[in-house]
$ cat work11.txt   # compact mmCIF, C-alpha atoms
# COMPACT_ATOMS: atom_id res chain seq x y z
CA MET A 30 -122.28 -161.81 -168.49
CA PRO A 31 -118.76 -161.21 -169.90
CA THR A 32 -118.43 -160.29 -173.57
CA ALA A 33 -118.11 -163.33 -175.80
CA ARG A 34 -114.65 -164.10 -177.16
CA ALA A 35 -116.02 -165.41 -180.47
CA ARG A 36 -116.38 -162.80 -183.22
CA VAL A 37 -119.43 -163.58 -185.33
CA SER A 38 -120.07 -162.12 -188.77
CA SER A 39 -123.43 -162.69 -190.40
CA ALA A 40 -125.61 -162.47 -193.49
CA VAL A 41 -129.31 -162.80 -194.25
CA MET A 42 -129.96 -165.11 -197.18
CA THR A 43 -132.80 -163.74 -199.32
CA HIS A 44 -134.49 -163.38 -202.70
CA PRO A 45 -135.32 -159.93 -204.13
CA VAL A 46 -139.07 -160.54 -203.62
CA ARG A 47 -138.37 -160.72 -199.88
CA ARG A 48 -135.77 -158.00 -199.72
CA ALA A 49 -137.82 -155.70 -197.47
CA GLN A 50 -138.47 -158.32 -194.82
CA ALA A 51 -134.84 -159.46 -194.98
CA GLN A 52 -133.64 -155.88 -194.47
CA GLU A 53 -135.97 -155.45 -191.49
CA LEU A 54 -134.58 -158.63 -189.93
CA SER A 55 -131.00 -157.55 -190.57
CA ASP A 56 -131.57 -154.09 -189.11
CA ARG A 57 -133.44 -155.36 -186.05
CA LEU A 58 -130.82 -157.96 -185.10
CA GLY A 59 -127.79 -155.92 -186.16
CA LEU A 60 -126.70 -158.42 -188.80
CA GLY A 61 -124.08 -157.99 -191.48
CA GLY A 62 -126.40 -157.30 -194.40
CA LEU A 63 -128.14 -159.20 -197.16
CA ALA A 64 -126.96 -162.03 -199.39
CA LEU A 65 -129.17 -161.80 -202.48
CA ASP A 66 -129.92 -164.60 -204.90
CA PRO A 67 -127.48 -163.96 -207.76
CA ASP A 68 -129.90 -165.40 -210.34
CA PRO A 69 -133.40 -164.55 -209.05
CA GLY A 70 -135.03 -165.46 -212.34
CA GLY A 71 -133.36 -168.85 -212.51
CA PRO A 72 -134.58 -172.23 -211.27
CA PRO A 73 -135.23 -172.21 -207.50
CA SER A 74 -132.01 -172.98 -205.59
CA ALA A 75 -131.36 -172.36 -201.92
CA LEU A 76 -127.75 -173.42 -202.41
CA ARG A 77 -127.11 -170.67 -204.97
CA THR A 78 -127.96 -167.99 -202.43
CA ALA A 79 -126.43 -169.82 -199.48
CA LEU A 80 -123.05 -169.76 -201.21
CA VAL A 81 -123.30 -165.97 -201.42
CA ALA A 82 -124.19 -165.82 -197.72
CA TRP A 83 -121.30 -168.06 -196.68
CA ALA A 84 -118.92 -165.86 -198.68
CA ARG A 85 -119.79 -162.83 -196.53
CA THR A 86 -117.46 -163.72 -193.67
CA ALA A 87 -115.95 -160.55 -192.22
CA GLU A 88 -112.24 -160.03 -191.71
CA GLY A 89 -111.26 -161.12 -188.20
CA ALA A 90 -114.41 -163.18 -187.64
CA THR A 91 -114.06 -166.57 -185.94
CA HIS A 92 -117.59 -167.72 -186.85
CA HIS A 93 -120.19 -166.89 -189.46
CA LEU A 94 -123.96 -166.89 -189.00
CA MET A 95 -126.27 -167.49 -191.94
CA ILE A 96 -129.94 -166.78 -191.31
CA GLN A 97 -132.82 -167.00 -193.77
CA ASP A 98 -135.20 -164.11 -194.40
CA ASP A 99 -138.37 -165.84 -193.10
CA VAL A 100 -137.09 -166.32 -189.55
CA ALA A 101 -138.06 -164.49 -186.37
CA ALA A 102 -135.42 -164.19 -183.64
CA PRO A 103 -134.98 -162.26 -180.37
CA GLY A 104 -133.00 -159.04 -180.15
CA ASP A 105 -130.15 -160.70 -178.23
CA PHE A 106 -129.75 -163.49 -180.79
CA VAL A 107 -126.30 -162.53 -182.10
CA ASP A 108 -124.95 -162.21 -178.55
CA LEU A 109 -126.41 -165.62 -177.69
CA VAL A 110 -124.83 -167.13 -180.82
CA ALA A 111 -121.44 -165.67 -179.90
CA HIS A 112 -121.52 -167.13 -176.39
CA CYS A 113 -122.58 -170.51 -177.76
CA ALA A 114 -119.68 -170.35 -180.21
CA ASP A 115 -117.36 -169.79 -177.24
CA ARG A 116 -118.70 -173.00 -175.73
CA PHE A 117 -118.60 -175.07 -178.95
CA PRO A 118 -115.91 -173.39 -181.07
CA ASP A 119 -115.48 -176.25 -183.56
CA ASP A 120 -119.10 -177.27 -184.17
CA ALA A 121 -121.79 -176.31 -186.63
CA LEU A 122 -124.62 -174.95 -184.45
CA ALA A 123 -128.21 -174.96 -185.73
CA TYR A 124 -130.69 -172.72 -183.91
CA TYR A 125 -133.88 -173.89 -185.61
CA THR A 126 -135.24 -177.41 -186.14
CA ASN A 127 -138.51 -178.25 -187.89
CA TRP A 128 -141.15 -179.81 -185.68
CA HIS A 129 -141.89 -182.69 -188.09
CA ALA A 130 -138.38 -183.84 -189.03
CA ARG A 131 -136.33 -186.67 -187.52
CA ASN A 132 -134.03 -183.97 -186.20
CA GLY A 133 -137.13 -182.39 -184.67
CA ALA A 134 -137.92 -185.68 -182.95
CA ALA A 135 -134.34 -185.79 -181.64
CA ALA A 136 -134.66 -182.26 -180.25
CA ARG A 137 -138.04 -183.08 -178.70
CA LEU A 138 -136.63 -186.19 -177.03
CA ALA A 139 -133.67 -184.16 -175.76
CA ALA A 140 -136.01 -181.52 -174.35
CA LEU A 141 -137.93 -184.18 -172.45
CA ALA A 142 -134.62 -185.57 -171.15
CA GLY A 143 -133.49 -182.12 -170.01
CA ALA A 144 -130.63 -181.56 -172.49
CA GLY A 145 -129.64 -178.20 -173.94
CA TRP A 146 -128.23 -179.56 -177.22
CA VAL A 147 -128.55 -182.73 -179.28
CA ARG A 148 -126.36 -184.11 -182.07
CA ALA A 149 -128.21 -184.12 -185.41
CA VAL A 150 -129.40 -187.28 -187.13
CA PRO A 151 -126.60 -187.96 -189.64
CA GLU A 152 -128.65 -188.98 -192.69
CA GLU A 153 -131.24 -186.21 -192.54
CA PHE A 154 -130.86 -182.69 -193.91
CA THR A 155 -129.16 -180.19 -191.61
CA PRO A 156 -131.59 -177.38 -190.75
CA THR A 157 -130.07 -174.18 -192.14
CA LEU A 158 -132.68 -171.52 -191.34
CA ALA A 159 -130.34 -170.15 -188.67
CA ILE A 160 -126.94 -171.81 -188.49
CA VAL A 161 -123.43 -170.76 -187.50
CA LEU A 162 -120.16 -172.33 -188.64
CA PRO A 163 -116.55 -171.68 -187.67
CA VAL A 164 -115.08 -169.60 -190.47
CA ALA A 165 -112.76 -172.38 -191.60
CA LEU A 166 -115.71 -174.77 -191.81
CA ALA A 167 -117.75 -172.17 -193.71
CA ASP A 168 -114.91 -171.79 -196.22
CA GLY A 169 -114.69 -175.56 -196.48
CA PHE A 170 -118.41 -175.83 -197.20
CA ARG A 171 -118.18 -173.24 -199.96
CA GLY A 172 -115.38 -175.19 -201.60
CA TYR A 173 -117.30 -178.44 -201.19
CA ALA A 174 -120.61 -177.07 -202.51
CA THR A 175 -119.46 -174.83 -205.36
CA GLY A 176 -120.42 -176.40 -208.66
CA SER A 177 -122.80 -178.92 -207.13
CA ALA A 178 -126.01 -179.75 -208.99
CA GLU A 179 -127.85 -180.02 -205.65
CA ARG A 180 -130.22 -177.10 -205.05
CA HIS A 181 -130.96 -177.78 -201.38
CA ASP A 182 -128.24 -176.30 -199.19
CA ASP A 183 -129.52 -178.23 -196.14
CA GLU A 184 -128.99 -181.60 -197.84
CA LEU A 185 -125.50 -180.64 -198.99
CA MET A 186 -124.64 -179.26 -195.55
CA ALA A 187 -125.54 -182.63 -194.02
CA ALA A 188 -123.35 -184.47 -196.52
CA PHE A 189 -120.46 -182.05 -195.86
CA LEU A 190 -120.70 -182.43 -192.08
CA ARG A 191 -120.98 -186.23 -192.39
CA GLY A 192 -117.74 -186.14 -194.31
CA HIS A 193 -116.16 -184.39 -191.34
CA GLY A 194 -117.60 -187.03 -189.02
CA ARG A 195 -119.40 -184.43 -186.92
CA PRO A 196 -123.05 -183.60 -187.67
CA ALA A 197 -124.38 -180.29 -186.41
CA LEU A 198 -125.40 -179.64 -182.84
CA LEU A 199 -129.08 -178.68 -182.65
CA ALA A 200 -130.21 -176.14 -180.08
CA VAL A 201 -132.97 -177.82 -178.08
CA PRO A 202 -134.78 -174.71 -176.84
CA THR A 203 -135.66 -172.89 -180.06
CA VAL A 204 -135.49 -169.08 -179.87
CA THR A 205 -136.00 -168.71 -183.63
CA GLU A 206 -139.23 -169.35 -185.52
CA HIS A 207 -140.18 -169.96 -189.13
CA THR A 208 -142.62 -167.18 -190.00
CA GLY A 209 -144.53 -168.52 -193.01
CA THR A 210 -145.61 -171.48 -195.12
CA SER A 211 -144.62 -170.15 -198.53
CA SER A 212 -141.37 -171.44 -200.01
CA ILE A 213 -139.31 -170.13 -202.88
CA ASN A 214 -137.42 -173.43 -202.87
CA GLY A 215 -140.44 -175.73 -203.17
CA HIS A 216 -141.05 -176.79 -199.55
CA ALA A 217 -144.64 -175.52 -199.30
CA ALA A 218 -145.97 -179.06 -199.85
CA GLN A 219 -144.57 -179.94 -196.41
CA GLY A 220 -147.31 -177.79 -194.88
CA VAL A 221 -147.01 -175.70 -191.75
CA ARG A 222 -143.39 -175.83 -190.57
CA LEU A 223 -142.66 -174.46 -187.12
CA ALA A 224 -140.05 -174.77 -184.38
CA VAL A 225 -140.00 -177.99 -182.40
CA CYS A 226 -139.38 -176.50 -178.91
CA PRO A 227 -140.29 -172.78 -178.99
CA SER A 228 -138.67 -170.95 -176.11
CA GLU A 229 -138.12 -167.45 -174.79
CA SER A 230 -134.51 -166.29 -174.79
CA ALA A 231 -134.44 -165.97 -170.99
CA ASP A 232 -135.33 -169.65 -170.62
CA ALA A 233 -133.12 -170.84 -173.47
CA ARG A 234 -129.89 -169.03 -172.63
CA PRO A 235 -128.99 -170.97 -169.44
CA LEU A 236 -129.66 -174.30 -171.16
CA LEU A 237 -127.73 -173.39 -174.30
CA LEU A 238 -124.75 -172.07 -172.33
CA GLY A 239 -124.73 -174.63 -169.52
CA GLY A 240 -127.02 -177.53 -170.38
CA TRP A 241 -125.73 -181.00 -171.16
CA VAL A 242 -125.38 -182.38 -174.68
CA LEU A 243 -127.22 -185.49 -175.84
CA GLU A 244 -124.66 -187.07 -178.17
CA GLU A 245 -126.01 -190.63 -178.37
CA LEU A 246 -129.56 -191.09 -179.64
CA ASP A 247 -129.78 -194.89 -179.68
CA TRP A 248 -133.21 -195.65 -181.22
CA LEU A 249 -135.33 -192.61 -182.00
CA PRO A 250 -139.13 -192.52 -182.27
CA TYR A 251 -140.54 -190.08 -184.82
CA MET A 252 -143.77 -189.47 -186.74
CA ARG A 253 -144.47 -188.78 -190.39
CA TYR A 254 -147.80 -188.42 -192.17
CA GLY A 255 -149.78 -189.60 -189.16
CA GLU A 256 -147.80 -192.78 -188.47
CA GLY A 257 -145.16 -193.67 -185.90
CA PHE A 258 -141.68 -194.82 -186.91
CA ILE A 259 -138.40 -195.65 -185.19
CA ARG A 260 -134.91 -194.79 -186.37
CA LEU A 261 -132.58 -197.62 -185.39
CA PRO A 262 -128.93 -197.35 -184.27
CA GLY A 263 -126.52 -197.29 -187.21
CA GLN A 264 -129.30 -196.86 -189.73
CA ASP A 265 -127.34 -194.15 -191.55
CA THR A 266 -124.54 -196.60 -192.38
CA THR A 267 -126.74 -199.29 -193.95
CA PRO A 268 -127.71 -199.61 -197.63
CA ALA A 269 -131.30 -198.89 -196.54
CA ALA A 270 -130.33 -195.65 -194.78
CA ARG A 271 -133.30 -193.79 -196.27
CA HIS A 272 -135.85 -196.43 -195.34
CA HIS A 273 -138.41 -195.65 -192.64
CA PHE A 274 -139.15 -198.48 -190.20
CA THR A 275 -142.59 -198.47 -188.59
CA TRP A 276 -142.60 -198.79 -184.84
CA ARG A 277 -143.92 -202.35 -185.17
CA GLU A 278 -141.06 -203.33 -187.49
CA ALA A 279 -138.40 -201.76 -185.29
CA LEU A 280 -139.77 -202.54 -181.84
CA PRO A 281 -137.89 -205.87 -181.42
CA ARG A 282 -134.63 -203.87 -181.56
CA THR A 283 -135.70 -201.62 -178.68
CA GLY A 284 -136.06 -204.20 -175.92
CA LEU A 285 -139.77 -203.47 -175.60
CA SER A 286 -142.47 -205.96 -176.49
CA GLU A 287 -145.44 -205.09 -178.65
CA ALA A 288 -147.71 -206.50 -175.93
CA ALA A 289 -146.25 -204.06 -173.36
CA VAL A 290 -146.70 -201.11 -175.71
CA LEU A 291 -150.22 -202.00 -176.84
CA GLY A 292 -151.17 -202.87 -173.28
CA THR A 293 -150.91 -199.20 -172.32
CA LEU A 294 -153.79 -198.41 -174.68
CA GLY A 295 -156.10 -200.51 -172.57
CA SER A 296 -154.79 -199.36 -169.19
CA ARG A 297 -155.38 -195.62 -169.60
CA GLY A 298 -157.36 -193.82 -166.94
CA PRO A 299 -160.74 -192.17 -167.53
CA ALA A 300 -159.21 -188.77 -168.38
CA GLU A 301 -156.83 -190.26 -170.96
CA GLU A 302 -159.62 -192.39 -172.45
CA LYS A 303 -161.76 -189.28 -172.86
CA GLN A 304 -158.88 -187.47 -174.56
CA ALA A 305 -158.28 -190.45 -176.84
CA ARG A 306 -161.93 -190.42 -177.92
CA GLN A 307 -161.81 -186.68 -178.57
CA VAL A 308 -158.62 -186.98 -180.65
CA ALA A 309 -160.12 -189.89 -182.57
CA GLU A 310 -163.31 -187.93 -183.30
CA VAL A 311 -161.33 -185.09 -184.90
CA PHE A 312 -158.33 -186.81 -186.46
CA GLY A 313 -159.32 -190.49 -186.61
CA PRO A 314 -158.81 -193.53 -184.35
CA SER A 315 -155.62 -194.60 -186.11
CA PHE A 316 -153.95 -191.24 -185.53
CA ALA A 317 -155.04 -191.25 -181.88
CA ASP A 318 -153.38 -194.63 -181.32
CA GLU A 319 -150.26 -193.79 -183.34
CA LEU A 320 -149.77 -190.51 -181.47
CA TRP A 321 -150.15 -192.25 -178.10
CA ILE A 322 -147.63 -194.95 -178.98
CA HIS A 323 -145.17 -192.43 -180.43
CA CYS A 324 -145.31 -190.28 -177.28
CA LEU A 325 -145.09 -193.35 -175.07
CA LEU A 326 -141.86 -194.32 -176.85
CA LEU A 327 -140.58 -190.74 -176.53
CA GLY A 328 -141.13 -190.96 -172.78
CA VAL A 329 -139.31 -194.30 -172.58
CA GLN A 330 -136.29 -192.97 -174.44
CA ALA A 331 -136.21 -189.56 -172.79
CA ARG A 332 -136.04 -191.18 -169.37
CA ALA A 333 -133.36 -193.61 -170.55
CA ALA A 334 -131.29 -190.76 -172.04
CA ALA A 335 -131.52 -188.70 -168.87
CA ARG A 336 -130.46 -191.63 -166.69
CA ARG A 337 -127.58 -192.54 -168.97
CA TYR A 338 -126.17 -189.16 -169.96
CA ALA A 339 -127.50 -186.31 -167.80
CA PRO A 340 -125.37 -185.03 -164.90
CA GLY A 341 -126.46 -186.86 -161.78
CA GLY A 342 -128.56 -189.28 -163.80
CA GLY A 343 -131.32 -186.83 -164.59
CA GLY A 344 -133.41 -185.55 -161.74
CA THR A 345 -135.65 -182.61 -162.58
CA ALA A 346 -135.31 -182.29 -166.33
CA GLY A 347 -132.68 -179.73 -167.22
CA ALA A 348 -132.59 -177.99 -163.84
CA ALA A 349 -129.59 -179.80 -162.36
CA ALA A 350 -127.43 -179.04 -165.39
CA ILE A 351 -127.98 -175.29 -165.18
CA GLY A 352 -127.69 -174.69 -161.48
CA GLY A 353 -130.99 -175.98 -160.12
CA GLY A 354 -133.30 -173.75 -158.15
CA THR A 355 -136.93 -172.80 -158.62
CA ALA A 356 -136.36 -170.68 -161.75
CA ALA A 357 -134.35 -173.39 -163.50
CA THR A 358 -136.92 -176.02 -162.61
CA ALA A 359 -139.72 -173.83 -163.95
CA ALA A 360 -137.80 -173.13 -167.18
CA ALA A 361 -137.13 -176.84 -167.68
CA GLY A 362 -140.81 -177.55 -167.18
CA ARG A 363 -141.75 -174.93 -169.77
CA LEU A 364 -139.35 -176.49 -172.26
CA ARG A 365 -140.89 -179.94 -171.77
CA ALA A 366 -144.35 -178.47 -172.24
CA ALA A 367 -143.25 -176.62 -175.38
CA ALA A 368 -141.76 -179.78 -176.88
CA VAL A 369 -144.94 -181.76 -176.25
CA SER A 370 -147.19 -178.94 -177.49
CA THR A 371 -145.85 -179.36 -181.03
CA VAL A 372 -145.83 -183.15 -181.33
CA GLY A 373 -149.52 -183.58 -182.22
CA PRO A 374 -149.78 -180.99 -185.02
CA ALA A 375 -146.36 -181.98 -186.37
CA GLY A 376 -147.38 -185.64 -186.49
CA LEU A 377 -150.40 -184.95 -188.68
CA PRO A 378 -150.20 -185.26 -192.47
CA PRO A 379 -149.23 -181.81 -193.87
CA GLU A 380 -152.65 -181.19 -195.40
CA ARG A 381 -154.36 -181.71 -192.02
CA ARG A 382 -152.12 -179.50 -189.87
CA PRO A 383 -154.25 -176.39 -190.46
CA GLU A 384 -157.13 -178.24 -188.76
CA ALA A 385 -155.24 -178.18 -185.46
CA GLY A 386 -156.57 -174.90 -184.08
CA ARG A 387 -155.96 -173.63 -180.55
CA GLU A 388 -158.58 -175.89 -178.94
CA HIS A 389 -157.34 -178.99 -180.75
CA THR A 390 -153.70 -178.14 -180.06
CA ALA A 391 -154.40 -177.99 -176.33
CA LEU A 392 -156.18 -181.35 -176.48
CA LEU A 393 -153.33 -182.93 -178.43
CA ALA A 394 -150.79 -181.56 -175.94
CA GLU A 395 -152.64 -182.93 -172.90
CA TYR A 396 -153.11 -186.31 -174.54
CA SER A 397 -149.49 -186.45 -175.70
CA PHE A 398 -148.14 -185.51 -172.28
CA ALA A 399 -150.19 -188.29 -170.68
CA ALA A 400 -148.55 -190.76 -173.07
CA VAL A 401 -145.06 -189.34 -172.40
CA ARG A 402 -145.54 -189.72 -168.66
CA CYS A 403 -146.81 -193.27 -169.19
CA GLY A 404 -143.65 -194.02 -171.17
CA GLU A 405 -141.43 -192.53 -168.48
CA ARG A 406 -142.94 -195.04 -166.04
CA LEU A 407 -143.03 -198.00 -168.42
CA PRO A 408 -139.50 -199.42 -167.86
CA GLU A 409 -140.09 -199.77 -164.12
CA ARG A 410 -143.37 -201.58 -164.68
CA ALA A 411 -141.93 -203.83 -167.36
CA LEU A 412 -138.96 -204.73 -165.14
CA ALA A 413 -141.28 -205.49 -162.24
CA ASP A 414 -143.38 -207.75 -164.49
CA ARG A 415 -140.26 -209.74 -165.49
CA ARG A 416 -139.35 -210.31 -161.84
$ encode --input "work11.txt" --output "structure tokens"
Amino acid sequence: MPTARARVSSAVMTHPVRRAQAQELSDRLGLGGLALDPDPGGPPSALRTALVAWARTAEGATHHLMIQDDVAAPGDFVDLVAHCADRFPDDALAYYTNWHARNGAAARLAALAGAGWVRAVPEEFTPTLAIVLPVALADGFRGYATGSAERHDDELMAAFLRGHGRPALLAVPTVTEHTGTSSINGHAAQGVRLAVCPSESADARPLLLGGWVLEELDWLPYMRYGEGFIRLPGQDTTPAARHHFTWREALPRTGLSEAAVLGTLGSRGPAEEKQARQVAEVFGPSFADELWIHCLLLGVQARAAARRYAPGGGGTAGAAAIGGGTAATAAAGRLRAAAVSTVGPAGLPPERRPEAGREHTALLAEYSFAAVRCGERLPERALADRR
């Protein structure tokens, strides 16, 4: 592959108590050095350190990468970032998205649809564990954020990008990973926080450099604390932008009837019924039903997004957009599987996520995939019923 035209400088944002792991990360990836918290004894503030990191742009750089110290990334990460910056020179590009956030749900839906990138949900925090900005945008953020009383850089980044009318692009295949549950900035109460669509660099690179972009989310199913919700179109512009609508409340806006959705619970085959009982035994009947309905809605929307926006109207998820062929088809299949593998544990209340061991995670993935596939077929059945 030709050398990238973009010139990317970088910094690892860290606190002195994590200096050793930050230095190891910087050395391993060939990054530009450490950005240390300037007031390590002060009140916790990610923004305070982020401003130091964003000030470390190198002379001649076109883009600047800020990565946090508790992130794992492949050895070719900086090269991948540079080539992505060539493709999207004016965008903020986020390379990690939490599995339980609304942005995580957007990335999961995009993975199921076969997209390589998805536009972030405007009203939610912008994930900043590994993010690159054009240098001019980085300078603009520093000017915008300096002096702010906000301590969360991800919340302020979202507000800044909203002001520019262009939320970040989220990488759908996730080559970075969050490596721990501790949090200097007070996020430990959110429980285990991992990548939404974990992917090897070899699978991710073709999608990130050639995959299509899901710009329009329409309605978005997501889960929080064991319950299913739906983000409605334009919700970020309403006075109730922070309100969460349950799937029952929002369903009339989706074109689906509650009877059609609930009817799938009673029409599952023997294998799915067995999985549902097993999930209910471990995590409760309510969670089993909520997870099924959430994944059903993901399948409905992923298929709709692929038909509406993907090159050629979809086809094999992701493969057509990156050249097709057996390898591309296999990589797209692995991405779909990765996205579904995280939906069950992420949908649990934070205190229950540690209960999802390897055996339970496999069960949740099989059950969730059955619901996704049911959702991908649902529009055809519903249309046939109307006729």
$ closest_atom_pairs --input "work11.txt" --of "region 226-311 of chain A" --to "region 193-205 of chain A" --cutoff "9 Å" --atoms "only C-alpha atoms" --output "tab-separated table"
residue	atom	partner	partner_atom	distance
A:Cys226	CA	A:Thr203	CA	5.3
A:Pro227	CA	A:Thr203	CA	4.8
A:Ser228	CA	A:Val204	CA	5.3
A:Glu229	CA	A:Val204	CA	5.9
A:Ser230	CA	A:Val204	CA	5.9
A:Asp232	CA	A:Pro202	CA	8.0
A:Ala233	CA	A:Pro202	CA	5.4
A:Arg234	CA	A:Pro202	CA	8.6
A:Leu236	CA	A:Pro202	CA	7.7
A:Leu237	CA	A:Ala200	CA	6.9
A:Val242	CA	A:Leu198	CA	8.6
A:Glu244	CA	A:Leu198	CA	8.8
$ residues_around --input "work11.txt" --residues "Tyr251 (chain A)" --least-positions-apart "3" --cutoff "10 Å" --atoms "only C-alpha atoms" --output "PyMOL selection string"
chain A and resi 129-135+137-138+248+256-260+273+275-276+320+323-324+326-327+372+376
$ residues_around --input "work11.txt" --residues "Ala231 (chain A)" --least-positions-apart "4" --cutoff "12 Å" --atoms "all atoms listed in the file" --output "PDB file with C-alpha atoms, in the frame of the given file"
ATOM      1  CA  PRO A 103    -134.980-162.260-180.370  1.00  0.00           C
ATOM      2  CA  GLY A 104    -133.000-159.040-180.150  1.00  0.00           C
ATOM      3  CA  ASP A 105    -130.150-160.700-178.230  1.00  0.00           C
ATOM      4  CA  PHE A 106    -129.750-163.490-180.790  1.00  0.00           C
ATOM      5  CA  LEU A 109    -126.410-165.620-177.690  1.00  0.00           C
ATOM      6  CA  PRO A 202    -134.780-174.710-176.840  1.00  0.00           C
ATOM      7  CA  THR A 203    -135.660-172.890-180.060  1.00  0.00           C
ATOM      8  CA  VAL A 204    -135.490-169.080-179.870  1.00  0.00           C
ATOM      9  CA  PRO A 235    -128.990-170.970-169.440  1.00  0.00           C
ATOM     10  CA  LEU A 236    -129.660-174.300-171.160  1.00  0.00           C
ATOM     11  CA  LEU A 237    -127.730-173.390-174.300  1.00  0.00           C
ATOM     12  CA  LEU A 238    -124.750-172.070-172.330  1.00  0.00           C
ATOM     13  CA  ALA A 356    -136.360-170.680-161.750  1.00  0.00           C
ATOM     14  CA  ALA A 357    -134.350-173.390-163.500  1.00  0.00           C
ATOM     15  CA  ALA A 359    -139.720-173.830-163.950  1.00  0.00           C
ATOM     16  CA  ALA A 360    -137.800-173.130-167.180  1.00  0.00           C
ATOM     17  CA  ALA A 361    -137.130-176.840-167.680  1.00  0.00           C
ATOM     18  CA  ARG A 363    -141.750-174.930-169.770  1.00  0.00           C
ATOM     19  CA  LEU A 364    -139.350-176.490-172.260  1.00  0.00           C
TER      20      LEU A 364
END
$ atom_distance --input "work11.txt" --atom1 "CA of Ala101 (chain A)" --atom2 "CA of Leu65 (chain A)"
18.6 Å
$ residues_around --input "work11.txt" --residues "Leu190 (chain A)" --least-positions-apart "4" --cutoff "12 Å" --atoms "all atoms listed in the file" --output "number ranges by chain"
A: 119-122, 148-155, 162, 166-167, 169-170, 173-174, 183-186, 194-198
$ residues_around --input "work11.txt" --residues "Gly62 (chain A)" --least-positions-apart "6" --cutoff "7 Å" --atoms "all atoms listed in the file" --output "MDAnalysis selection string"
chainID A and resid 40:41 55
$ residues_around --input "work11.txt" --residues "Val107 (chain A)" --least-positions-apart "2" --cutoff "12 Å" --atoms "all atoms listed in the file" --output "PyMOL selection string"
chain A and resi 32-33+35-40+55+57-61+92-96+102-105+109-114+124+159-161+204-205+230
$ closest_residue --input "work11.txt" --among "A:Ala75, A:Ala391, A:Leu243, A:Cys403" --to "Leu158 (chain A)" --atoms "all atoms listed in the file"
A:Ala75
$ closest_residue --input "work11.txt" --among "A:Leu223, A:Val147, A:Ile322, A:Val308" --to "Asn127 (chain A)" --atoms "all atoms listed in the file"
A:Leu223
$ closest_residue --input "work11.txt" --among "A:Glu395, A:Gly313, A:Gly240, A:Val225" --to "Thr371 (chain A)" --atoms "all atoms listed in the file"
A:Val225
$ closest_residue --input "work11.txt" --among "A:Met30, A:Leu76, A:Val164, A:Ala142" --to "Pro118 (chain A)" --atoms "only C-alpha atoms"
A:Val164
$ closest_residue --input "work11.txt" --among "A:Arg336, A:Val401, A:Ala368, A:Glu287" --to "Glu301 (chain A)" --atoms "all atoms listed in the file"
A:Val401
$ atom_distance --input "work11.txt" --atom1 "CA of Val46 (chain A)" --atom2 "CA of Asp66 (chain A)"
10.1 Å
$ closest_residue --input "work11.txt" --among "A:Gln50, A:Arg180, A:Tyr396, A:Phe117" --to "Pro72 (chain A)" --atoms "only C-alpha atoms"
A:Arg180
$ axis_aligned_box --input "work11.txt" --around "region 307-316 of chain A" --padding-each-side "5 Å" --output "AutoDock Vina command-line options"
--center_x -158.6 --center_y -189.8 --center_z -182.6 --size_x 19.4 --size_y 19.5 --size_z 18.0
$ atom_distance --input "work11.txt" --atom1 "CA of Trp146 (chain A)" --atom2 "CA of Val290 (chain A)"
28.4 Å
$ residues_near_point --input "work11.txt" --point "(-124.6, -168.7, -210.9)" --cutoff "12 Å" --atoms "only C-alpha atoms" --output "tab-separated table (two decimals) with C-alpha atoms, in the frame of the given file"
chain	number	residue	atom	x	y	z
A	65	LEU	CA	-129.17	-161.80	-202.48
A	66	ASP	CA	-129.92	-164.60	-204.90
A	67	PRO	CA	-127.48	-163.96	-207.76
A	68	ASP	CA	-129.90	-165.40	-210.34
A	69	PRO	CA	-133.40	-164.55	-209.05
A	70	GLY	CA	-135.03	-165.46	-212.34
A	71	GLY	CA	-133.36	-168.85	-212.51
A	72	PRO	CA	-134.58	-172.23	-211.27
A	73	PRO	CA	-135.23	-172.21	-207.50
A	74	SER	CA	-132.01	-172.98	-205.59
A	75	ALA	CA	-131.36	-172.36	-201.92
A	76	LEU	CA	-127.75	-173.42	-202.41
A	77	ARG	CA	-127.11	-170.67	-204.97
A	78	THR	CA	-127.96	-167.99	-202.43
A	79	ALA	CA	-126.43	-169.82	-199.48
A	80	LEU	CA	-123.05	-169.76	-201.21
A	81	VAL	CA	-123.30	-165.97	-201.42
A	175	THR	CA	-119.46	-174.83	-205.36
A	176	GLY	CA	-120.42	-176.40	-208.66
A	177	SER	CA	-122.80	-178.92	-207.13
A	178	ALA	CA	-126.01	-179.75	-208.99
A	180	ARG	CA	-130.22	-177.10	-205.05
